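structure.cif follows; it contains mmCIF, C-alpha atoms.
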```cif
data_work
loop_
_atom_site.group_PDB
_atom_site.id
_atom_site.type_symbol
_atom_site.label_atom_id
_atom_site.label_comp_id
_atom_site.auth_asym_id
_atom_site.auth_seq_id
_atom_site.Cartn_x
_atom_site.Cartn_y
_atom_site.Cartn_z
ATOM 1 C CA MET A 1 10.318 -17.576 -77.117
ATOM 2 C CA LYS A 2 9.178 -17.576 -80.736
ATOM 3 C CA PHE A 3 6.213 -15.480 -81.883
ATOM 4 C CA PHE A 4 3.732 -17.030 -84.315
ATOM 5 C CA LEU A 5 1.108 -14.579 -85.540
ATOM 6 C CA ASP A 6 -2.414 -16.000 -85.321
ATOM 7 C CA THR A 7 -4.002 -14.443 -88.388
ATOM 8 C CA ALA A 8 -4.787 -14.774 -92.069
ATOM 9 C CA ASN A 9 -4.465 -11.034 -92.665
ATOM 10 C CA THR A 10 -1.436 -10.383 -94.855
ATOM 11 C CA ASP A 11 -1.145 -6.714 -93.827
ATOM 12 C CA GLU A 12 -0.732 -7.779 -90.202
ATOM 13 C CA ILE A 13 1.850 -10.380 -91.194
ATOM 14 C CA LYS A 14 3.819 -7.839 -93.249
ATOM 15 C CA GLN A 15 3.888 -5.436 -90.296
ATOM 16 C CA ALA A 16 5.065 -8.136 -87.873
ATOM 17 C CA LEU A 17 7.756 -9.177 -90.346
ATOM 18 C CA ASP A 18 8.850 -5.546 -90.687
ATOM 19 C CA TRP A 19 9.224 -5.357 -86.903
ATOM 20 C CA GLY A 20 11.259 -8.575 -86.969
ATOM 21 C CA LEU A 21 8.712 -10.199 -84.668
ATOM 22 C CA CYS A 22 7.175 -12.936 -86.801
ATOM 23 C CA ASP A 23 8.695 -16.400 -86.470
ATOM 24 C CA GLY A 24 5.739 -18.141 -88.100
ATOM 25 C CA VAL A 25 1.986 -17.958 -88.683
ATOM 26 C CA THR A 26 -0.957 -20.024 -87.515
ATOM 27 C CA THR A 27 -4.278 -19.969 -89.311
ATOM 28 C CA ASN A 28 -7.592 -21.708 -88.832
ATOM 29 C CA PRO A 29 -10.831 -21.904 -90.827
ATOM 30 C CA THR A 30 -12.388 -19.048 -88.832
ATOM 31 C CA LEU A 31 -9.484 -16.666 -89.454
ATOM 32 C CA ILE A 32 -9.439 -17.453 -93.161
ATOM 33 C CA ALA A 33 -13.226 -17.065 -93.447
ATOM 34 C CA ARG A 34 -12.922 -13.688 -91.725
ATOM 35 C CA GLU A 35 -10.702 -12.534 -94.591
ATOM 36 C CA GLY A 36 -13.137 -13.880 -97.195
ATOM 37 C CA ARG A 37 -10.430 -16.113 -98.634
ATOM 38 C CA ASN A 38 -10.143 -19.623 -100.035
ATOM 39 C CA MET A 39 -7.944 -21.664 -97.678
ATOM 40 C CA GLU A 40 -5.504 -22.887 -100.300
ATOM 41 C CA ASP A 41 -4.977 -19.454 -101.833
ATOM 42 C CA ALA A 42 -4.582 -17.797 -98.442
ATOM 43 C CA VAL A 43 -2.132 -20.354 -97.081
ATOM 44 C CA LYS A 44 -0.022 -20.341 -100.239
ATOM 45 C CA GLU A 45 0.217 -16.536 -100.175
ATOM 46 C CA ILE A 46 1.136 -16.490 -96.484
ATOM 47 C CA ALA A 47 3.675 -19.288 -96.907
ATOM 48 C CA ASP A 48 5.363 -17.364 -99.704
ATOM 49 C CA LEU A 49 5.268 -14.144 -97.716
ATOM 50 C CA VAL A 50 7.026 -15.524 -94.632
ATOM 51 C CA GLY A 51 9.789 -17.436 -96.441
ATOM 52 C CA ASP A 52 10.874 -20.555 -94.611
ATOM 53 C CA ARG A 53 8.935 -19.797 -91.415
ATOM 54 C CA PRO A 54 6.238 -22.370 -90.537
ATOM 55 C CA VAL A 55 2.622 -21.734 -91.484
ATOM 56 C CA SER A 56 -0.100 -23.864 -89.920
ATOM 57 C CA ALA A 57 -3.083 -24.887 -92.064
ATOM 58 C CA GLU A 58 -5.931 -26.851 -90.508
ATOM 59 C CA VAL A 59 -7.770 -29.902 -91.787
ATOM 60 C CA LEU A 60 -11.553 -29.958 -91.852
ATOM 61 C CA ALA A 61 -12.029 -33.727 -91.813
ATOM 62 C CA VAL A 62 -12.653 -35.731 -88.630
ATOM 63 C CA GLU A 63 -12.059 -39.318 -89.845
ATOM 64 C CA HIS A 64 -8.579 -40.838 -90.139
ATOM 65 C CA ASP A 65 -8.396 -41.485 -93.880
ATOM 66 C CA ALA A 66 -9.927 -38.134 -94.796
ATOM 67 C CA ILE A 67 -7.661 -36.292 -92.335
ATOM 68 C CA VAL A 68 -4.566 -37.916 -93.841
ATOM 69 C CA GLU A 69 -5.747 -37.079 -97.357
ATOM 70 C CA GLU A 70 -6.319 -33.433 -96.449
ATOM 71 C CA ALA A 71 -3.005 -33.295 -94.575
ATOM 72 C CA GLN A 72 -1.123 -34.508 -97.643
ATOM 73 C CA GLU A 73 -2.947 -31.953 -99.776
ATOM 74 C CA ARG A 74 -2.100 -29.070 -97.427
ATOM 75 C CA ALA A 75 1.516 -30.166 -97.023
ATOM 76 C CA ALA A 76 1.884 -30.016 -100.816
ATOM 77 C CA TRP A 77 0.850 -26.341 -100.903
ATOM 78 C CA ALA A 78 4.276 -25.160 -99.692
ATOM 79 C CA PRO A 79 7.357 -26.701 -98.042
ATOM 80 C CA ASN A 80 6.855 -24.683 -94.842
ATOM 81 C CA VAL A 81 3.246 -25.739 -94.237
ATOM 82 C CA VAL A 82 2.523 -27.428 -90.915
ATOM 83 C CA VAL A 83 -0.796 -29.283 -90.742
ATOM 84 C CA LYS A 84 -3.130 -28.619 -87.822
ATOM 85 C CA ILE A 85 -5.073 -31.665 -86.686
ATOM 86 C CA PRO A 86 -7.575 -31.661 -83.806
ATOM 87 C CA THR A 87 -6.721 -33.801 -80.792
ATOM 88 C CA ILE A 88 -9.558 -36.299 -81.091
ATOM 89 C CA PRO A 89 -9.155 -40.102 -81.361
ATOM 90 C CA GLU A 90 -9.235 -40.155 -85.161
ATOM 91 C CA GLY A 91 -7.010 -37.093 -85.195
ATOM 92 C CA VAL A 92 -4.358 -38.641 -82.960
ATOM 93 C CA LYS A 93 -4.387 -41.745 -85.140
ATOM 94 C CA ALA A 94 -3.898 -39.518 -88.186
ATOM 95 C CA MET A 95 -1.096 -37.623 -86.439
ATOM 96 C CA ARG A 96 0.837 -40.868 -86.187
ATOM 97 C CA THR A 97 0.252 -41.695 -89.836
ATOM 98 C CA CYS A 98 1.182 -38.197 -91.019
ATOM 99 C CA SER A 99 4.282 -38.055 -88.841
ATOM 100 C CA GLU A 100 5.460 -41.327 -90.363
ATOM 101 C CA LEU A 101 4.902 -39.748 -93.790
ATOM 102 C CA GLY A 102 7.133 -36.833 -92.814
ATOM 103 C CA ILE A 103 4.329 -34.272 -92.519
ATOM 104 C CA PRO A 104 4.874 -31.902 -89.567
ATOM 105 C CA ILE A 105 1.814 -31.717 -87.338
ATOM 106 C CA ASN A 106 0.450 -29.039 -85.042
ATOM 107 C CA ALA A 107 -1.910 -30.783 -82.613
ATOM 108 C CA THR A 108 -4.662 -28.260 -82.028
ATOM 109 C CA LEU A 109 -7.608 -27.819 -79.659
ATOM 110 C CA ILE A 110 -5.654 -29.128 -76.678
ATOM 111 C CA PHE A 111 -7.191 -28.312 -73.306
ATOM 112 C CA SER A 112 -5.373 -30.726 -70.996
ATOM 113 C CA SER A 113 -1.932 -32.187 -70.405
ATOM 114 C CA ALA A 114 -3.414 -35.634 -71.076
ATOM 115 C CA GLN A 115 -4.378 -34.592 -74.604
ATOM 116 C CA ALA A 116 -0.909 -33.117 -75.111
ATOM 117 C CA LEU A 117 0.641 -36.412 -74.019
ATOM 118 C CA LEU A 118 -1.365 -38.332 -76.615
ATOM 119 C CA ALA A 119 -0.400 -35.906 -79.381
ATOM 120 C CA ALA A 120 3.277 -35.927 -78.399
ATOM 121 C CA LYS A 121 3.316 -39.736 -78.379
ATOM 122 C CA ALA A 122 1.753 -39.658 -81.848
ATOM 123 C CA GLY A 123 4.707 -37.620 -83.108
ATOM 124 C CA ALA A 124 3.209 -34.139 -83.332
ATOM 125 C CA ALA A 125 5.870 -31.502 -83.950
ATOM 126 C CA TYR A 126 3.829 -28.998 -81.952
ATOM 127 C CA VAL A 127 1.197 -29.260 -79.218
ATOM 128 C CA SER A 128 -1.095 -26.256 -78.848
ATOM 129 C CA PRO A 129 -2.817 -25.832 -75.472
ATOM 130 C CA PHE A 130 -5.526 -23.170 -75.718
ATOM 131 C CA VAL A 131 -5.043 -20.819 -72.790
ATOM 132 C CA GLY A 132 -7.594 -18.049 -73.270
ATOM 133 C CA ARG A 133 -10.459 -20.427 -73.923
ATOM 134 C CA GLN A 134 -9.672 -22.331 -70.722
ATOM 135 C CA ASP A 135 -9.687 -19.061 -68.792
ATOM 136 C CA ASP A 136 -13.120 -18.320 -70.285
ATOM 137 C CA VAL A 137 -14.632 -21.352 -68.539
ATOM 138 C CA GLY A 138 -12.913 -20.907 -65.193
ATOM 139 C CA TYR A 139 -9.764 -23.012 -65.653
ATOM 140 C CA ASP A 140 -6.186 -21.785 -65.339
ATOM 141 C CA GLY A 141 -4.947 -22.283 -68.884
ATOM 142 C CA MET A 142 -1.372 -21.460 -67.934
ATOM 143 C CA ARG A 143 -1.366 -24.307 -65.419
ATOM 144 C CA THR A 144 -1.967 -26.683 -68.326
ATOM 145 C CA VAL A 145 1.056 -25.230 -70.129
ATOM 146 C CA GLU A 146 3.198 -25.739 -67.027
ATOM 147 C CA GLU A 147 2.112 -29.380 -66.734
ATOM 148 C CA ILE A 148 2.890 -30.054 -70.388
ATOM 149 C CA ALA A 149 6.327 -28.422 -70.076
ATOM 150 C CA VAL A 150 7.221 -30.640 -67.119
ATOM 151 C CA MET A 151 6.010 -33.720 -68.971
ATOM 152 C CA LEU A 152 8.101 -32.967 -72.060
ATOM 153 C CA ARG A 153 11.192 -32.276 -69.972
ATOM 154 C CA ASN A 154 10.817 -35.626 -68.227
ATOM 155 C CA TYR A 155 10.784 -37.729 -71.409
ATOM 156 C CA ASP A 156 13.460 -37.296 -74.072
ATOM 157 C CA ALA A 157 11.412 -39.352 -76.530
ATOM 158 C CA LEU A 158 8.689 -36.675 -76.538
ATOM 159 C CA THR A 159 10.092 -33.982 -78.802
ATOM 160 C CA SER A 160 7.039 -31.775 -79.383
ATOM 161 C CA GLU A 161 7.327 -28.024 -78.927
ATOM 162 C CA ILE A 162 4.644 -26.198 -76.951
ATOM 163 C CA ILE A 163 2.695 -23.505 -78.772
ATOM 164 C CA LEU A 164 0.871 -21.384 -76.219
ATOM 165 C CA ALA A 165 -2.336 -20.835 -78.183
ATOM 166 C CA SER A 166 -5.266 -18.486 -77.649
ATOM 167 C CA ALA A 167 -2.986 -15.946 -75.957
ATOM 168 C CA ARG A 168 -5.070 -12.834 -75.503
ATOM 169 C CA THR A 169 -3.108 -10.711 -73.062
ATOM 170 C CA VAL A 170 0.413 -9.546 -72.332
ATOM 171 C CA GLY A 171 0.119 -11.548 -69.112
ATOM 172 C CA HIS A 172 -0.423 -14.749 -71.070
ATOM 173 C CA VAL A 173 2.718 -14.105 -73.097
ATOM 174 C CA ILE A 174 4.910 -13.278 -70.102
ATOM 175 C CA ARG A 175 3.671 -16.216 -68.053
ATOM 176 C CA GLY A 176 4.372 -18.385 -71.065
ATOM 177 C CA THR A 177 8.035 -17.389 -70.942
ATOM 178 C CA GLN A 178 8.135 -18.466 -67.314
ATOM 179 C CA CYS A 179 6.403 -21.820 -67.549
ATOM 180 C CA GLY A 180 8.179 -23.443 -70.474
ATOM 181 C CA ALA A 181 6.262 -22.597 -73.657
ATOM 182 C CA HIS A 182 8.573 -22.628 -76.673
ATOM 183 C CA ILE A 183 6.252 -20.537 -78.856
ATOM 184 C CA VAL A 184 3.291 -18.238 -78.398
ATOM 185 C CA THR A 185 0.744 -17.719 -81.143
ATOM 186 C CA LEU A 186 -1.029 -14.437 -80.704
ATOM 187 C CA PRO A 187 -3.341 -12.098 -82.586
ATOM 188 C CA PHE A 188 -1.844 -8.925 -83.981
ATOM 189 C CA LYS A 189 -3.534 -6.721 -81.374
ATOM 190 C CA THR A 190 -1.843 -8.684 -78.582
ATOM 191 C CA LEU A 191 1.519 -8.315 -80.320
ATOM 192 C CA GLU A 192 0.914 -4.550 -80.414
ATOM 193 C CA GLN A 193 0.098 -4.556 -76.691
ATOM 194 C CA LEU A 194 3.570 -5.893 -75.890
ATOM 195 C CA PHE A 195 5.025 -2.531 -76.956
ATOM 196 C CA LYS A 196 2.774 -0.435 -74.790
ATOM 197 C CA HIS A 197 3.404 1.134 -71.416
ATOM 198 C CA PRO A 198 2.118 4.583 -70.397
ATOM 199 C CA MET A 199 5.444 5.519 -68.812
ATOM 200 C CA THR A 200 7.219 4.943 -72.129
ATOM 201 C CA ASP A 201 4.868 7.401 -73.843
ATOM 202 C CA ILE A 202 5.213 9.959 -71.038
ATOM 203 C CA GLY A 203 8.988 9.617 -70.954
ATOM 204 C CA LEU A 204 9.368 9.981 -74.715
ATOM 205 C CA GLU A 205 7.134 13.056 -74.801
ATOM 206 C CA SER A 206 9.126 14.595 -71.962
ATOM 207 C CA PHE A 207 12.495 13.952 -73.624
ATOM 208 C CA LEU A 208 11.343 15.395 -76.948
ATOM 209 C CA ASN A 209 9.755 18.466 -75.335
ATOM 210 C CA ASP A 210 12.884 19.177 -73.291
ATOM 211 C CA TYR A 211 15.051 18.977 -76.394
ATOM 212 C CA ARG A 212 12.723 21.224 -78.412
ATOM 213 C CA GLU A 213 12.704 23.832 -75.641
ATOM 214 C CA MET A 214 16.510 23.814 -75.534
ATOM 215 C CA GLN A 215 16.711 24.263 -79.314
ATOM 216 C CA GLU A 216 14.259 27.164 -79.162
ATOM 217 C CA GLN A 217 16.347 28.834 -76.459
ATOM 218 C CA LEU A 218 19.525 28.380 -78.461
ATOM 219 C CA GLY A 219 17.849 29.703 -81.559
ATOM 220 C CA GLY A 220 16.552 32.711 -79.703
#
```

Represent the structure of the file as C-alpha cells.
Amino acid sequence: MKFFLDTANTDEIKQALDWGLCDGVTTNPTLIAREGRNMEDAVKEIADLVGDRPVSAEVLAVEHDAIVEEAQERAAWAPNVVVKIPTIPEGVKAMRTCSELGIPINATLIFSSAQALLAAKAGAAYVSPFVGRQDDVGYDGMRTVEEIAVMLRNYDALTSEIILASARTVGHVIRGTQCGAHIVTLPFKTLEQLFKHPMTDIGLESFLNDYREMQEQLGG
C-alpha cells in the first residue's frame, strides 16, 4: 500500500519523506487555507519538495468548462500534479475531457461505489472514497472501499486506483490493506500513530535499562 500524506504543511511532508513513508501528497482548499497559503504557491512548493511523487490539487469550479480550465491551469504548475475533481455530474463530464487531454484526475468526494464507477468510467486515475466521513454519519466507509475494489477487479477496462481517503485511525489503514485499497491518504498524526504500541515503548525501556545496569556492574 502506498502512503499519500493529506496535508499542505511542508514540515510534515519533510518528516514523512525523511522516514521514507511519503509516496505522494493530497491537498484540498481547507488544508491550504489552514496554512495561510495561496494554492498555486503551496502546490508548486510541495510538488518540488516531493520530486516525482504525485501531488493532488483541487479545482474550485463546479461547471464543466470552468473545471477543465482550472484543471489545465493546475496541471501546468508541475509535471507531478494530479487534479482533484468532485464527483458531481459536471465533474464527471470534466473528468472525461481532462483524461482525454492527458491530465491525471483524482475523483474526490466519493461516498458510494456507484460514484466510483462513474469516475472510473470517465477515466479518473484515482477514485477517493471518503471513509471517516461515512463513519461519522453511521455508514461503514470500509464497506464502500471493498465494493469498489471488487468492481475494479471485475473489469479490466476500469484502471483507476483506489485512494482510501479520510483515514483517521490505524484501523482504517489496516482494513484498507485487507480490502483492496491501493493507496491511503492520511493526516500526519495518523501516520505517527502507525508507529505506536505501548509494548514497544515498555520493551525498549526494559532493554536499555538492563544494558545500562550491566555496564554499571562491569564498571564497578

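If you measure from each of A:Gly219, A:Pro187, A:Pro86, A:Gly141 to Glu12 (chain A) using all atoms listed in the file, the closest one turns out to be A:Pro187.
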
Compile the contact shell of Val150 (chain A) as a PyMOL selection string: residues with an atom at most 10 Å away, counting all atoms listed in the file, same-chain residues fewer than 5 positions apart removed.
chain A and resi 113+145+155+179-180

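Of note, CA of Asp48 (chain A) and CA of Ala107 (chain A) are spaced 22.9 Å apart.
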
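For the choices A:Cys98, A:Met142, A:Val62, A:Ala157, the atom-to-atom distance to Ala181 (chain A) is smallest for A:Met142 when using all atoms listed in the file.
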
Long-range neighbours of Thr97 (chain A) as a JSON list (two decimals) with C-alpha atoms, in the coordinates of the input, 12 Å cut-off, all atoms listed in the file, 6 positions minimum in chain:
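What follows is the written file result-v1.json:
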```
[["chain", "number", "residue", "atom", "x", "y", "z"],
["A", 64, "HIS", "CA", -8.58, -40.84, -90.14],
["A", 65, "ASP", "CA", -8.40, -41.48, -93.88],
["A", 66, "ALA", "CA", -9.93, -38.13, -94.80],
["A", 67, "ILE", "CA", -7.66, -36.29, -92.34],
["A", 68, "VAL", "CA", -4.57, -37.92, -93.84],
["A", 69, "GLU", "CA", -5.75, -37.08, -97.36],
["A", 71, "ALA", "CA", -3.00, -33.30, -94.58],
["A", 72, "GLN", "CA", -1.12, -34.51, -97.64],
["A", 85, "ILE", "CA", -5.07, -31.66, -86.69],
["A", 90, "GLU", "CA", -9.24, -40.16, -85.16],
["A", 91, "GLY", "CA", -7.01, -37.09, -85.20],
["A", 103, "ILE", "CA", 4.33, -34.27, -92.52],
["A", 104, "PRO", "CA", 4.87, -31.90, -89.57],
["A", 105, "ILE", "CA", 1.81, -31.72, -87.34],
["A", 119, "ALA", "CA", -0.40, -35.91, -79.38],
["A", 122, "ALA", "CA", 1.75, -39.66, -81.85],
["A", 123, "GLY", "CA", 4.71, -37.62, -83.11],
["A", 124, "ALA", "CA", 3.21, -34.14, -83.33]]
```

If I take CA of Thr26 (chain A) and CA of Ala116 (chain A), how far is one from the other in Å, to one decimal?
18.0 Å

Once the PyMOL selection byres ((chain A and resi 166) around 8) is applied to the coordinates I shared, what remains selected? I want it as a list in words.
Phe130, Val131, Gly132, Arg133, Leu164, Ala165, Ala167, Arg168, Thr185 and Leu186 of chain A

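Proximity of A:Ala75, A:Ala120, A:Val184, A:Met214 to Lys93 (chain A), computed with all atoms listed in the file, is greatest for A:Ala120.
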
List the residues matched by the PyMOL selection byres ((chain A and resi 191-195) around 12) in the displayed structure as a ChimeraX atom specification, ordered by chain and then by residue number.
/A:3-7,12-13,15-17,19-22,167-174,184-190,196-201

Output file request: region 122-218 of chain A, with C-alpha atoms, as a compact mmCIF listing (two decimals), in the first residue's frame.
```txt
# COMPACT_ATOMS: atom_id res chain seq x y z
CA ALA A 122 -14.74 8.72 -17.03
CA GLY A 123 -11.05 7.81 -16.91
CA ALA A 124 -10.06 9.02 -13.45
CA ALA A 125 -6.59 7.82 -12.49
CA TYR A 126 -7.67 7.66 -8.85
CA VAL A 127 -11.01 7.28 -7.06
CA SER A 128 -11.11 8.54 -3.48
CA PRO A 129 -13.84 7.09 -1.24
CA PHE A 130 -14.06 9.08 1.99
CA VAL A 131 -14.09 6.59 4.84
CA GLY A 132 -14.02 8.66 8.02
CA ARG A 133 -16.80 10.96 6.90
CA GLN A 134 -19.03 7.98 6.11
CA ASP A 135 -18.35 6.58 9.58
CA ASP A 136 -19.39 9.96 11.02
CA VAL A 137 -22.93 9.55 9.67
CA GLY A 138 -23.38 5.89 10.56
CA TYR A 139 -22.19 4.16 7.38
CA ASP A 140 -19.38 1.63 7.12
CA GLY A 141 -16.91 3.52 4.95
CA MET A 142 -14.66 0.50 4.58
CA ARG A 143 -17.53 -1.48 3.06
CA THR A 144 -17.60 1.08 0.25
CA VAL A 145 -13.88 0.53 -0.35
CA GLU A 146 -14.44 -3.23 -0.52
CA GLU A 147 -17.23 -2.83 -3.08
CA ILE A 148 -15.11 -0.56 -5.26
CA ALA A 149 -12.17 -2.99 -5.12
CA VAL A 150 -14.36 -5.86 -6.30
CA MET A 151 -15.78 -3.73 -9.09
CA LEU A 152 -12.35 -2.72 -10.37
CA ARG A 153 -11.09 -6.29 -10.26
CA ASN A 154 -14.06 -7.45 -12.33
CA TYR A 155 -13.47 -5.04 -15.23
CA ASP A 156 -10.05 -4.74 -16.87
CA ALA A 157 -11.15 -1.58 -18.68
CA LEU A 158 -11.50 0.24 -15.34
CA THR A 159 -7.94 1.11 -14.42
CA SER A 160 -8.44 3.57 -11.55
CA GLU A 161 -6.51 3.11 -8.32
CA ILE A 162 -8.36 3.38 -5.02
CA ILE A 163 -7.22 6.08 -2.61
CA LEU A 164 -8.67 5.36 0.81
CA ALA A 165 -9.41 8.94 1.84
CA SER A 166 -10.36 10.48 5.17
CA ALA A 167 -8.45 7.76 7.03
CA ARG A 168 -8.40 8.83 10.65
CA THR A 169 -7.32 5.74 12.55
CA VAL A 170 -4.80 2.92 12.41
CA GLY A 171 -7.79 0.62 11.97
CA HIS A 172 -8.78 2.40 8.78
CA VAL A 173 -5.29 1.93 7.36
CA ILE A 174 -5.05 -1.76 8.27
CA ARG A 175 -8.52 -2.58 6.99
CA GLY A 176 -7.58 -0.78 3.81
CA THR A 177 -4.73 -3.22 3.26
CA GLN A 178 -7.20 -6.07 3.60
CA CYS A 179 -9.98 -4.84 1.35
CA GLY A 180 -8.10 -3.79 -1.77
CA ALA A 181 -7.18 -0.11 -1.43
CA HIS A 182 -4.06 0.69 -3.44
CA ILE A 183 -3.28 3.90 -1.53
CA VAL A 184 -4.24 5.51 1.75
CA THR A 185 -4.14 9.26 2.21
CA LEU A 186 -3.80 10.14 5.85
CA PRO A 187 -3.05 13.12 8.07
CA PHE A 188 0.37 13.27 9.68
CA LYS A 189 -0.98 12.42 13.14
CA THR A 190 -2.43 9.16 11.80
CA LEU A 191 0.90 8.32 10.17
CA GLU A 192 2.55 8.85 13.57
CA GLN A 193 0.00 6.55 15.21
CA LEU A 194 1.13 3.66 12.99
CA PHE A 195 4.44 3.60 14.89
CA LYS A 196 2.91 3.44 18.33
CA HIS A 197 2.32 0.50 20.61
CA PRO A 198 2.76 0.62 24.40
CA MET A 199 4.57 -2.72 24.45
CA THR A 200 7.22 -1.36 22.08
CA ASP A 201 7.92 1.52 24.48
CA ILE A 202 7.98 -0.79 27.51
CA GLY A 203 10.22 -3.31 25.77
CA LEU A 204 12.69 -0.68 24.59
CA GLU A 205 12.91 0.89 28.04
CA SER A 206 13.49 -2.53 29.57
CA PHE A 207 16.25 -3.46 27.11
CA LEU A 208 18.06 -0.15 27.60
CA ASN A 209 17.78 -0.30 31.41
CA ASP A 210 19.09 -3.86 31.50
CA TYR A 211 22.08 -2.91 29.38
CA ARG A 212 22.85 0.18 31.48
CA GLU A 213 22.72 -1.87 34.68
CA MET A 214 25.13 -4.41 33.21
CA GLN A 215 27.55 -1.66 32.17
CA GLU A 216 27.40 -0.13 35.64
CA GLN A 217 28.19 -3.51 37.20
CA LEU A 218 31.11 -4.05 34.85
```
